[in-house]
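> Before anything else, here's the structure in question.
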Amino acid sequence: MRHILIMVWNGLYISNLDRTGFIIKFVTPFLLSTIIAFAFSGLGSSLPVIEAFPVALVNLDEGADSGGGPVNLGDTFVQVLLPAADAGPAAAPVCPAADAAAGSAPPVAITDLLTTTRLNDAEEARAGVRSGLYQAAIIIPPDFSRRLSPQVSATGATLAGTEIEIYASGASPLQGSIVRSLVQAISQQLVTGNVTIAATLQTLIDRAGSDPAFGLAFAAAGASGTFQPDFACAFVPALNTVTVAREPLDAVQQRSVFVQILTLFGAAQAAFFALFTAQFALLSLYDERKQGTLQRLLVVPMPAWYIVAAKLLTAFVNVVVQLTVLLLALTLVASLREGQVMFIWGDAPLLVLLTIMALALSVCGISALLVGLARTPEQARLFGSLINVGLGALGGSFGFVLPAAIAGVSPIYWGSEAFRQLAGGNTDIGLNLLVLLLQGGIMFVIGSWFFVRRSGIKGA
């Protein structure tokens with residue numbers, strides 16, 4: 001083992017003294033990632049913004065009696081989803097508490113997200129969605145208020161279910177999901193208000209059944225019309241608590257655009273150039289044969305397979321060192337640029353290290369297989385470079401992202417995606433590590449066998 005470690009240390013020392021190798025391993029990926037981050041960091045805001053999109057609203061609600069007066073819950077949707085100038089006079093009862101909330105506004109108004117057009121015909125709205133005029137249509141049924149209003153009987157107060165139709169375009173699934181979420185939020189508030197009414201009436205009915213004196217007073221108040229509870233505030237749009245706040249999808253999007261781009265491109269570039277590092281480390285065996293170094297090693301009293309093992313281990317350690325140095329260097333750049341100390345690769349350094357080792361195993365396996373299959377060092381360099389570029393293109397190293405089913409062929413995709421998820425605070429990278437370990441382990445074993453045969457070292 002001591003002989004192997006000595007040869008590994010010697011290989012690391014020599015490879016890092018080589019100016020060309022040092023530039024390819026560290027300088028080129030570092031400069032590319034940094035330059036791209038500086039060049040494109042001013043092209044957008046920190047958070048991606050969804051522009052306002054057109055929506056049709058059809059209110060067919062005929063209204064109902066809530067127990068405190070006529071209420072049209074469909075008009076509540078109109079007041080919430082349309083700007084005040086277009087919504088018309090509020091049909092909901094007057095609520096004194098609404099004046100206190102009139103000055104408050106959500107961080108992002110719903111009307112800033114939806115450009116809502118009020119229509120009177122449901123089929124016209126659906127046709128507008130099919131033609132692309134609207135990306136979604138909200139159709140409120142005629143019995144909406146009636147079915148949501150408490151139904152009072154001698155046995156208690158109950159609510160019936162109802163539905164609101166969301167007719168969305170299949171070409172805009174995200175916008176359809178947004179509309180559905182907003183409608184659900186508003187509906188839940190209306191249901192909460194009606195549940196409150198039903199629970200109040202149920203409590204009064206139960207008390208009237210258990211307390212004869214209260215029951216007589218309650219019946220008399222109902223008969224004379226003096227029992228007029230004020231439930232108006234449950235349905236006044238001014239008290240609507242549905243708000244829209246643009247939030248980041250993960251921890252990366254909470255940072256500046258510079259850090260986002262540096263994280264994305266830095267991980268991809270580091271993984272891409274690791275392929276060349278592993279390949280050059282293995283090809284150095286042929287250079288040592290030409291220089292006579294290999295022949296001198298063969299006369300040392302040690303098993304011949306030590307030489308091949310040391311060469312494979314040198315390639316692995318070289319890649320681990322390269323990836324570690326690059327990730328730390330990019331972290332330093334981000335800290336200097338942002339004016340604060342930060343580790344841009346997330347809060348799980350052990351997982352980052354495990355990803356580095358899994359990616360190193362994978363790229364070394366690919367390089368061992370390429371070098372082992374090539375007939376000459378020249379072939380290995382030529383075809384190895386072409387395959388490395390192809391894997392880089394598949395894995396997203398050149399700025400465009402292919403579908404996962406295609407990109408998954410490349411270890412660069414799995415490695416850079418794992419780094420990106422860790423940077424975003426997501427530690428669920430088990431699949432990435434499993435693929436890298438399986439992919440790298442299988443190719444490393446097969447490639448090592450071919451590499452041993454190609455090396456020509458007897459007894460290895």
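Naming works like this for the structure tokens: A, B, ... for the chains as they're shown, residue 1 at the start of each chain, ligands 1 onward in shown order.
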Write out as a ChimeraX atom specification the residues lying within 8 Å of Leu326 in chain A, counting only C-alpha atoms and excluding same-chain residues fewer than 4 positions away.

/A:26,29-30,270,322,330

> Find the spatial neighbours of Leu434 in chain A, counting only C-alpha atoms, within a cut-off of 9 Å - ignore same-chain residues fewer than 5 positions away - and output them as a PDB file with N, CA and C atoms, in the first residue's frame.


ATOM      1  N   ALA A 358     -18.712  10.539  -5.780  1.00  0.00           N
ATOM      2  CA  ALA A 358     -19.502   9.731  -6.709  1.00  0.00           C
ATOM      3  C   ALA A 358     -19.278  10.193  -8.152  1.00  0.00           C
ATOM      4  N   ILE A 429     -31.013  13.781  -2.893  1.00  0.00           N
ATOM      5  CA  ILE A 429     -30.195  13.494  -4.079  1.00  0.00           C
ATOM      6  C   ILE A 429     -29.825  12.020  -4.138  1.00  0.00           C
ATOM      7  N   GLN A 439     -23.377   3.857 -12.388  1.00  0.00           N
ATOM      8  CA  GLN A 439     -22.794   4.168 -13.690  1.00  0.00           C
ATOM      9  C   GLN A 439     -21.273   4.137 -13.613  1.00  0.00           C
TER      10      GLN A 439
END

> Could you go through range 241-455 of chain A and tell me which residues DSSP, when run on the backbone, assigns to alpha helix (DSSP H), listing them as number ranges by chain?

A: 257-291, 293-298, 305-338, 349-373, 377-395, 404-407, 411-423, 430-455

> My list of candidates is A:Gln379, A:Thr314, A:Asn16, A:Ser410. Which is closest to Leu394 in chain A when distances are computed with only C-alpha atoms?

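Of all the options, A:Ser410 lies closest to Leu394 in chain A.
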
> A:Ala37, A:Val259, A:Ala393, A:Ile138: which is nearest Ala271 in chain A, counting only C-alpha atoms?

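The shortest atom-to-atom distance to Ala271 in chain A comes from A:Ala393.
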
> What does the distance from CA of Leu402 in chain A to CA of Ala168 in chain A come to in Å, to one decimal?

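So the answer is 27.3 Å.
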
> Between CA of Phe22 in chain A and CA of Leu350 in chain A, measure the distance and give it in Å to one decimal.

26.3 Å
